[in-house]
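Structure file coords.cif (mmCIF, C-alpha atoms) is printed below.
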data_protein
#
loop_
_atom_site.label_atom_id
_atom_site.label_comp_id
_atom_site.auth_asym_id
_atom_site.auth_seq_id
_atom_site.Cartn_x
_atom_site.Cartn_y
_atom_site.Cartn_z
CA MET S 1 126.38 146.48 64.54
CA ILE S 2 124.24 149.52 63.92
CA THR S 3 122.32 149.38 60.71
CA LYS S 4 120.86 152.22 58.70
CA PRO S 5 117.31 153.23 59.44
CA ARG S 6 115.20 151.55 56.81
CA LYS S 7 112.00 152.78 55.23
CA VAL S 8 109.27 150.22 55.61
CA MET S 9 106.73 150.03 52.83
CA ASN S 10 104.97 146.79 53.52
CA LEU S 11 104.00 146.59 57.15
CA PRO S 12 101.08 144.12 57.15
CA ASN S 13 97.62 145.55 57.69
CA GLU S 14 96.94 143.35 60.72
CA VAL S 15 99.84 145.13 62.43
CA LEU S 16 99.45 148.62 61.04
CA MET S 17 95.68 149.01 61.35
CA PRO S 18 95.28 148.23 65.09
CA PHE S 19 98.14 150.64 65.77
CA MET S 20 96.56 153.38 63.67
CA ILE S 21 93.17 152.87 65.32
CA GLU S 22 94.73 152.98 68.78
CA ARG S 23 96.42 156.31 67.96
CA LEU S 24 93.22 157.75 66.46
CA GLU S 25 91.27 156.84 69.58
CA SER S 26 94.01 158.14 71.89
CA LYS S 27 92.89 161.74 71.58
CA PRO S 28 89.82 163.56 70.25
CA GLY S 29 90.49 165.23 66.93
CA MET S 30 93.48 163.04 66.11
CA THR S 31 93.90 162.31 62.40
CA ALA S 32 96.00 159.78 60.53
CA THR S 33 97.39 159.93 57.01
CA LEU S 34 97.57 156.52 55.35
CA PRO S 35 98.82 155.58 51.88
CA LEU S 36 96.19 153.51 50.12
CA ARG S 37 96.74 150.08 48.67
CA GLY S 38 94.59 148.10 46.31
CA ARG S 39 92.26 148.91 43.47
CA SER S 40 88.93 148.60 45.22
CA MET S 41 88.25 152.35 45.38
CA ARG S 42 88.82 153.05 41.72
CA PRO S 43 88.31 155.22 39.78
CA PHE S 44 88.74 158.08 42.30
CA LEU S 45 91.52 156.51 44.36
CA GLU S 46 94.53 154.73 42.95
CA ASP S 47 96.74 152.06 44.50
CA GLY S 48 100.06 153.41 45.76
CA ARG S 49 99.33 156.93 44.53
CA ASP S 50 96.78 158.37 46.93
CA LYS S 51 96.46 158.77 50.69
CA ALA S 52 93.46 158.96 52.98
CA LEU S 53 93.02 161.18 56.03
CA PHE S 54 91.18 159.33 58.81
CA ILE S 55 89.48 160.18 62.08
CA ALA S 56 88.31 157.66 64.67
CA ALA S 57 84.84 156.30 63.99
CA LYS S 58 84.08 156.47 67.72
CA GLY S 59 82.34 159.77 68.31
CA ALA S 60 82.04 160.52 64.60
CA GLU S 61 78.80 160.54 62.69
CA ILE S 62 78.68 157.53 60.37
CA ARG S 63 76.38 157.89 57.38
CA VAL S 64 75.53 156.13 54.16
CA GLY S 65 77.98 157.22 51.47
CA ASP S 66 80.91 157.64 53.87
CA PRO S 67 84.18 155.95 52.98
CA VAL S 68 85.16 154.05 56.14
CA LEU S 69 87.79 151.69 57.43
CA ALA S 70 86.10 148.47 58.51
CA LEU S 71 87.26 145.22 60.00
CA LEU S 72 85.46 142.46 58.13
CA SER S 73 84.63 139.12 59.69
CA ASP S 74 87.48 137.42 57.84
CA THR S 75 89.84 139.80 59.74
CA ARG S 76 90.46 141.83 56.61
CA TYR S 77 90.65 145.62 56.90
CA VAL S 78 89.09 147.50 54.02
CA MET S 79 88.36 151.12 53.26
CA HIS S 80 85.10 151.03 51.38
CA ARG S 81 81.95 153.06 51.01
CA ILE S 82 78.88 152.49 53.16
CA VAL S 83 75.94 151.67 50.94
CA ARG S 84 73.39 150.82 53.62
CA ILE S 85 72.92 151.03 57.37
CA ASP S 86 70.15 148.91 58.83
CA GLY S 87 70.18 149.26 62.62
CA GLU S 88 73.54 147.81 63.63
CA ASN S 89 74.16 146.15 60.28
CA VAL S 90 76.24 147.86 57.66
CA THR S 91 76.67 147.03 53.99
CA LEU S 92 79.80 148.19 52.23
CA MET S 93 81.07 148.19 48.70
CA GLY S 94 84.33 149.47 47.24
CA ASP S 95 83.79 151.98 44.45
CA GLY S 96 85.90 149.77 42.20
CA ASN S 97 84.14 146.58 43.28
CA LEU S 98 80.94 144.81 42.33
CA THR S 99 80.40 142.79 45.49
CA TYR S 100 78.90 143.75 48.83
CA GLU S 101 80.54 143.25 52.20
CA TYR S 102 78.79 143.13 55.54
CA CYS S 103 79.77 144.20 59.01
CA THR S 104 78.29 145.91 62.06
CA LEU S 105 78.64 149.49 63.25
CA GLN S 106 81.12 148.16 65.84
CA ASP S 107 83.42 147.03 63.03
CA ILE S 108 83.66 150.52 61.57
CA LYS S 109 86.96 151.69 63.04
CA ALA S 110 87.73 154.92 61.22
CA LYS S 111 86.17 157.35 58.82
CA ALA S 112 87.96 158.98 55.89
CA ILE S 113 87.43 162.74 55.95
CA GLY S 114 89.38 163.38 52.79
CA PHE S 115 92.04 162.25 50.36
CA PHE S 116 95.41 163.46 49.16
CA ARG S 117 95.43 162.53 45.49
CA LYS S 118 98.09 162.45 42.81
CA GLY S 119 100.84 163.59 45.17
CA ARG S 120 99.06 166.84 46.04
CA GLU S 121 99.31 168.39 49.50
CA THR S 122 95.80 169.80 49.43
CA LEU S 123 93.02 167.64 50.74
CA ASP S 124 90.02 166.61 48.67
CA SER S 125 87.57 166.72 51.56
CA VAL S 126 84.59 164.38 51.62
CA GLU S 127 82.54 167.50 52.39
CA GLY S 128 83.89 169.15 49.26
CA ARG S 129 82.18 169.58 45.95
CA LYS S 130 84.44 167.27 43.99
CA TRP S 131 83.96 164.19 46.20
CA ARG S 132 80.22 164.82 46.61
CA LEU S 133 79.67 165.21 42.90
CA TYR S 134 81.79 162.14 42.10
CA SER S 135 79.96 160.12 44.77
CA TRP S 136 76.56 161.16 43.53
CA LEU S 137 77.40 160.23 39.98
CA TRP S 138 79.38 157.05 40.62
CA THR S 139 76.86 155.46 42.96
CA ARG S 140 74.09 156.09 40.42
CA LEU S 141 76.14 154.45 37.70
CA LEU S 142 76.24 151.15 39.61
CA PRO S 143 74.11 149.28 37.02
CA ILE S 144 76.80 149.90 34.39
CA ARG S 145 79.80 149.96 36.75
CA ARG S 146 81.14 146.67 35.40
CA TYR S 147 81.55 148.20 31.93
CA LEU S 148 82.90 151.51 33.15
CA LEU S 149 85.59 149.81 35.21
CA PHE S 150 86.55 147.72 32.23
CA LEU S 151 86.81 150.81 30.01
CA TRP S 152 89.01 152.50 32.60
CA HIS S 153 91.33 149.57 33.19
CA PRO S 154 90.81 146.82 30.64
CA HIS S 155 91.98 143.46 31.90
CA ILE S 156 93.34 142.10 28.69
CA PRO S 157 94.61 138.56 29.12
CA ALA S 158 98.34 138.32 28.39
CA ARG S 159 97.82 135.72 25.69
CA TRP S 160 95.85 138.22 23.61
CA LYS S 161 98.62 140.76 23.67
CA LYS S 162 101.27 140.94 21.00
CA GLU S 163 104.61 139.41 21.88
CA GLU S 164 106.52 142.72 22.10
CA GLU S 165 104.03 144.27 24.50
CA LYS S 166 104.55 141.61 27.14
CA MET A 1 122.10 168.94 66.45
CA LYS A 2 118.69 167.80 67.52
CA THR A 3 116.41 164.87 66.89
CA ARG A 4 113.20 165.70 65.11
CA LYS A 5 110.09 165.99 67.20
CA GLY A 6 107.42 163.34 67.09
CA PHE A 7 109.44 160.37 65.89
CA HIS A 8 108.70 157.90 68.66
CA LEU A 9 110.11 154.45 68.46
CA ARG A 10 107.73 151.60 69.12
CA LYS A 11 108.15 147.89 69.17
CA ILE A 12 105.53 146.44 66.86
CA CYS A 13 105.63 142.73 66.06
CA GLY A 14 109.27 142.48 67.06
CA GLU A 15 110.29 145.40 64.87
CA ASN A 16 111.42 148.83 66.03
CA ILE A 17 109.08 151.07 64.10
CA MET A 18 108.98 154.84 63.90
CA VAL A 19 106.16 156.92 62.54
CA ALA A 20 106.02 160.71 62.37
CA GLU A 21 103.47 161.74 64.97
CA GLY A 22 102.42 165.33 65.58
CA ILE A 23 99.91 166.81 67.99
CA GLU A 24 97.05 166.43 65.53
CA ASN A 25 98.20 163.94 62.90
CA ILE A 26 100.11 160.71 62.62
CA ASP A 27 101.58 160.13 59.17
CA PHE A 28 101.95 156.56 57.97
CA SER A 29 103.36 157.51 54.59
CA GLN A 30 106.85 157.29 56.02
CA ILE A 31 107.48 154.40 58.35
CA ILE A 32 111.04 153.85 59.46
CA SER A 33 112.46 150.75 61.08
CA MET A 34 115.69 150.43 63.09
CA ASN A 35 117.63 147.47 64.40
CA ASP A 36 118.09 147.02 68.16
CA SER A 37 121.37 148.90 68.58
CA ALA A 38 120.18 151.85 66.51
CA ALA A 39 116.92 151.76 68.47
CA TYR A 40 118.84 151.83 71.77
CA LEU A 41 120.63 154.99 70.65
CA TRP A 42 117.51 156.63 69.30
CA LYS A 43 115.66 156.01 72.59
CA LYS A 44 118.40 157.94 74.37
CA VAL A 45 117.94 161.09 72.29
CA GLU A 46 114.45 160.94 70.78
CA ASP A 47 111.99 163.82 70.67
CA ASP A 48 113.62 167.20 70.24
CA HIS A 49 116.74 166.27 72.18
CA GLU A 50 120.02 168.17 71.71
CA PHE A 51 123.02 165.85 71.32
CA THR A 52 126.54 165.50 69.89
CA VAL A 53 128.55 162.70 68.30
CA GLU A 54 130.36 162.43 71.65
CA ASP A 55 127.07 161.69 73.41
CA ILE A 56 126.33 158.89 70.97
CA THR A 57 129.87 157.53 71.40
CA ASN A 58 129.40 157.48 75.17
CA PHE A 59 126.02 155.74 74.93
CA LEU A 60 127.70 153.05 72.82
CA LEU A 61 130.53 152.64 75.30
CA GLU A 62 128.06 152.37 78.18
CA GLU A 63 126.09 149.59 76.56
CA TYR A 64 128.51 147.68 74.37
CA ASP A 65 131.88 146.09 74.93
CA THR A 66 133.89 148.08 72.40
CA ASP A 67 136.85 150.47 72.25
CA GLU A 68 136.47 154.21 71.95
CA ALA A 69 137.75 154.52 68.36
CA THR A 70 135.25 151.96 67.09
CA ALA A 71 132.41 153.48 69.08
CA ARG A 72 133.22 156.91 67.70
CA ARG A 73 133.29 155.63 64.14
CA ASP A 74 129.93 153.91 64.63
CA ALA A 75 128.51 157.05 66.23
CA GLU A 76 129.59 159.22 63.30
CA ARG A 77 128.11 156.83 60.79
CA THR A 78 124.87 156.54 62.71
CA VAL A 79 124.49 160.31 62.84
CA GLU A 80 125.09 160.49 59.07
CA ASP A 81 122.45 157.80 58.50
CA TRP A 82 119.94 159.65 60.66
CA LYS A 83 120.61 162.88 58.78
CA GLU A 84 120.07 161.09 55.51
CA ALA A 85 116.77 159.65 56.76
CA GLY A 86 115.65 163.14 57.82
CA LEU A 87 115.54 162.28 61.50
CA ILE A 88 117.84 165.08 62.65
CA VAL A 89 117.66 168.86 62.42
CA GLU A 90 120.78 171.01 62.74
#
Take the structure I supplied and represent it as structure tokens, if you would.
Amino acid sequence: MITKPRKVMNLPNEVLMPFMIERLESKPGMTATLPLRGRSMRPFLEDGRDKALFIAAKGAEIRVGDPVLALLSDTRYVMHRIVRIDGENVTLMGDGNLTYEYCTLQDIKAKAIGFFRKGRETLDSVEGRKWRLYSWLWTRLLPIRRYLLFLWHPHIPARWKKEEEK
Amino acid sequence: MKTRKGFHLRKICGENIMVAEGIENIDFSQIISMNDSAAYLWKKVEDDHEFTVEDITNFLLEEYDTDEATARRDAERTVEDWKEAGLIVE
């Protein structure tokens, strides 16, 4: 029995990421387009809506402020922003998060060089004005990030909502 | 008709997975999976290969114990499915 080709939406990260990294490292200059999941890079990047364009971290310059794909010690892959590099040790934090994550330079597997947002075909490059301005502003707003994130996406407990809104 | 370039089938975690891969970019926004018999056929014609429904019918007859009419019907349906999934160019 031959079945229809099926579109796969939910290939697990532990399968998809090693494959993507292998392809990126297979050839210099290779890029990968990856749909983003999760809310940890809000407000710029939205779950299920936006895509990132990656290059291999090997051979690329990795700097503070770069959004990178890292393999954390609990075998989780995340794409978060580098907030500090101290020798081999790297500190990361998602733009939409309030907690730090730690890894080494070795664990940085890919670097995002831009994003396709809101279904657009044109890339918002990380070298571009928009991303640089956003990054400059958002990282400086860290002390009040908790409140800004809440204003953007209020987490209103269901029990507070009116019956018909549920 | 021809299969589209760059759709290479790979076995990942027991699944036959296809991702659009060009010279410079691999695009994970469209991942396609196929079962084993569809994968067998795709392997025969993948990457810019010219083929006909007859070819597919013959591949089926070579590999599976089936009669020609059934194989032909399966081949036609498979080609339709591939067209629908955007895997074939005319």
Determine which residues of chain S sit within 10 Å of chain A, taking into account all atoms listed in the file, and present them as a ChimeraX atom specification.
-> /S:1-11,15-16,19-20,23-24,27-36,51,53-55
Please produce an output containing C-alpha atoms for each residue in the selection, written as a PDB file, in the frame of the given file.
ATOM      1  CA  MET S   1     126.380 146.480  64.540  1.00  0.00           C
ATOM      2  CA  ILE S   2     124.240 149.520  63.920  1.00  0.00           C
ATOM      3  CA  THR S   3     122.320 149.380  60.710  1.00  0.00           C
ATOM      4  CA  LYS S   4     120.860 152.220  58.700  1.00  0.00           C
ATOM      5  CA  PRO S   5     117.310 153.230  59.440  1.00  0.00           C
ATOM      6  CA  ARG S   6     115.200 151.550  56.810  1.00  0.00           C
ATOM      7  CA  LYS S   7     112.000 152.780  55.230  1.00  0.00           C
ATOM      8  CA  VAL S   8     109.270 150.220  55.610  1.00  0.00           C
ATOM      9  CA  MET S   9     106.730 150.030  52.830  1.00  0.00           C
ATOM     10  CA  ASN S  10     104.970 146.790  53.520  1.00  0.00           C
ATOM     11  CA  LEU S  11     104.000 146.590  57.150  1.00  0.00           C
ATOM     12  CA  VAL S  15      99.840 145.130  62.430  1.00  0.00           C
ATOM     13  CA  LEU S  16      99.450 148.620  61.040  1.00  0.00           C
ATOM     14  CA  PHE S  19      98.140 150.640  65.770  1.00  0.00           C
ATOM     15  CA  MET S  20      96.560 153.380  63.670  1.00  0.00           C
ATOM     16  CA  ARG S  23      96.420 156.310  67.960  1.00  0.00           C
ATOM     17  CA  LEU S  24      93.220 157.750  66.460  1.00  0.00           C
ATOM     18  CA  LYS S  27      92.890 161.740  71.580  1.00  0.00           C
ATOM     19  CA  PRO S  28      89.820 163.560  70.250  1.00  0.00           C
ATOM     20  CA  GLY S  29      90.490 165.230  66.930  1.00  0.00           C
ATOM     21  CA  MET S  30      93.480 163.040  66.110  1.00  0.00           C
ATOM     22  CA  THR S  31      93.900 162.310  62.400  1.00  0.00           C
ATOM     23  CA  ALA S  32      96.000 159.780  60.530  1.00  0.00           C
ATOM     24  CA  THR S  33      97.390 159.930  57.010  1.00  0.00           C
ATOM     25  CA  LEU S  34      97.570 156.520  55.350  1.00  0.00           C
ATOM     26  CA  PRO S  35      98.820 155.580  51.880  1.00  0.00           C
ATOM     27  CA  LEU S  36      96.190 153.510  50.120  1.00  0.00           C
ATOM     28  CA  LYS S  51      96.460 158.770  50.690  1.00  0.00           C
ATOM     29  CA  LEU S  53      93.020 161.180  56.030  1.00  0.00           C
ATOM     30  CA  PHE S  54      91.180 159.330  58.810  1.00  0.00           C
ATOM     31  CA  ILE S  55      89.480 160.180  62.080  1.00  0.00           C
TER      32      ILE S  55
END
Which residues, written as a ChimeraX atom specification, have at least one atom at most 9 Å from Lys2 in chain A, with only C-alpha atoms counted and residues fewer than 5 positions away on the same chain left out?
-> /A:45-52,87-90
Give as a list in words the residues that the PyMOL selection byres ((chain S and resi 141-144) around 12) matches when applied to the coordinates above.
-> Val83, Met93, Gly94, Asp95, Gly96, Asn97, Leu98, Thr99, Tyr134, Ser135, Trp136, Leu137, Trp138, Thr139, Arg140, Arg145, Arg146, Tyr147, Leu148, Leu149, Phe150 and Leu151 of chain S
For the structure shown, which residues end up in the PyMOL selection byres ((chain S and resi 104-107) around 12)? Put them as a JSON list (two decimals) with C-alpha atoms, keeping the file's coordinate frame, please?
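Contents of part29.json, freshly written:
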[["chain", "number", "residue", "atom", "x", "y", "z"],
["S", 21, "ILE", "CA", 93.17, 152.87, 65.32],
["S", 56, "ALA", "CA", 88.31, 157.66, 64.67],
["S", 57, "ALA", "CA", 84.84, 156.30, 63.99],
["S", 58, "LYS", "CA", 84.08, 156.47, 67.72],
["S", 59, "GLY", "CA", 82.34, 159.77, 68.31],
["S", 60, "ALA", "CA", 82.04, 160.52, 64.60],
["S", 61, "GLU", "CA", 78.80, 160.54, 62.69],
["S", 62, "ILE", "CA", 78.68, 157.53, 60.37],
["S", 63, "ARG", "CA", 76.38, 157.89, 57.38],
["S", 64, "VAL", "CA", 75.53, 156.13, 54.16],
["S", 68, "VAL", "CA", 85.16, 154.05, 56.14],
["S", 69, "LEU", "CA", 87.79, 151.69, 57.43],
["S", 70, "ALA", "CA", 86.10, 148.47, 58.51],
["S", 71, "LEU", "CA", 87.26, 145.22, 60.00],
["S", 72, "LEU", "CA", 85.46, 142.46, 58.13],
["S", 73, "SER", "CA", 84.63, 139.12, 59.69],
["S", 74, "ASP", "CA", 87.48, 137.42, 57.84],
["S", 75, "THR", "CA", 89.84, 139.80, 59.74],
["S", 76, "ARG", "CA", 90.46, 141.83, 56.61],
["S", 77, "TYR", "CA", 90.65, 145.62, 56.90],
["S", 78, "VAL", "CA", 89.09, 147.50, 54.02],
["S", 79, "MET", "CA", 88.36, 151.12, 53.26],
["S", 82, "ILE", "CA", 78.88, 152.49, 53.16],
["S", 84, "ARG", "CA", 73.39, 150.82, 53.62],
["S", 85, "ILE", "CA", 72.92, 151.03, 57.37],
["S", 86, "ASP", "CA", 70.15, 148.91, 58.83],
["S", 87, "GLY", "CA", 70.18, 149.26, 62.62],
["S", 88, "GLU", "CA", 73.54, 147.81, 63.63],
["S", 89, "ASN", "CA", 74.16, 146.15, 60.28],
["S", 90, "VAL", "CA", 76.24, 147.86, 57.66],
["S", 91, "THR", "CA", 76.67, 147.03, 53.99],
["S", 92, "LEU", "CA", 79.80, 148.19, 52.23],
["S", 101, "GLU", "CA", 80.54, 143.25, 52.20],
["S", 102, "TYR", "CA", 78.79, 143.13, 55.54],
["S", 103, "CYS", "CA", 79.77, 144.20, 59.01],
["S", 108, "ILE", "CA", 83.66, 150.52, 61.57],
["S", 109, "LYS", "CA", 86.96, 151.69, 63.04],
["S", 110, "ALA", "CA", 87.73, 154.92, 61.22],
["S", 111, "LYS", "CA", 86.17, 157.35, 58.82]]
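CA of Trp152 in chain S is positioned 19.2 Å from CA of Lys130 in chain S.
A straight line drawn from CA of Met41 in chain S to CA of Pro12 in chain S is 19.3 Å long.
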Arg37 in chain S surroundings by only C-alpha atoms, 8 Å radius, close-in-sequence under 2 positions cut, as a PyMOL selection string = chain S and resi 35+39+46-48
Taking the file as shown, find all residues satisfying the PyMOL selection byres ((chain A and resi 71) around 9) and write them as a PDB file with C-alpha atoms, keeping the file's coordinate frame.
ATOM      1  CA  ILE A  56     126.330 158.890  70.970  1.00  0.00           C
ATOM      2  CA  THR A  57     129.870 157.530  71.400  1.00  0.00           C
ATOM      3  CA  ASN A  58     129.400 157.480  75.170  1.00  0.00           C
ATOM      4  CA  PHE A  59     126.020 155.740  74.930  1.00  0.00           C
ATOM      5  CA  LEU A  60     127.700 153.050  72.820  1.00  0.00           C
ATOM      6  CA  LEU A  61     130.530 152.640  75.300  1.00  0.00           C
ATOM      7  CA  TYR A  64     128.510 147.680  74.370  1.00  0.00           C
ATOM      8  CA  THR A  66     133.890 148.080  72.400  1.00  0.00           C
ATOM      9  CA  ASP A  67     136.850 150.470  72.250  1.00  0.00           C
ATOM     10  CA  GLU A  68     136.470 154.210  71.950  1.00  0.00           C
ATOM     11  CA  ALA A  69     137.750 154.520  68.360  1.00  0.00           C
ATOM     12  CA  THR A  70     135.250 151.960  67.090  1.00  0.00           C
ATOM     13  CA  ARG A  72     133.220 156.910  67.700  1.00  0.00           C
ATOM     14  CA  ARG A  73     133.290 155.630  64.140  1.00  0.00           C
ATOM     15  CA  ASP A  74     129.930 153.910  64.630  1.00  0.00           C
ATOM     16  CA  ALA A  75     128.510 157.050  66.230  1.00  0.00           C
ATOM     17  CA  GLU A  76     129.590 159.220  63.300  1.00  0.00           C
TER      18      GLU A  76
END
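Taking CA of His153 in chain S and CA of Gly38 in chain S as the two end points, the separation is 13.6 Å.
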Could you tell me, as a list in words, which residues have any atom at most 7 Å from (97.1, 160.3, 48.4), counting all atoms listed in the file?
-> Pro35, Arg49, Asp50, Lys51, Ala52, Phe115, Phe116, Arg117, Lys118 and Gly119 of chain S
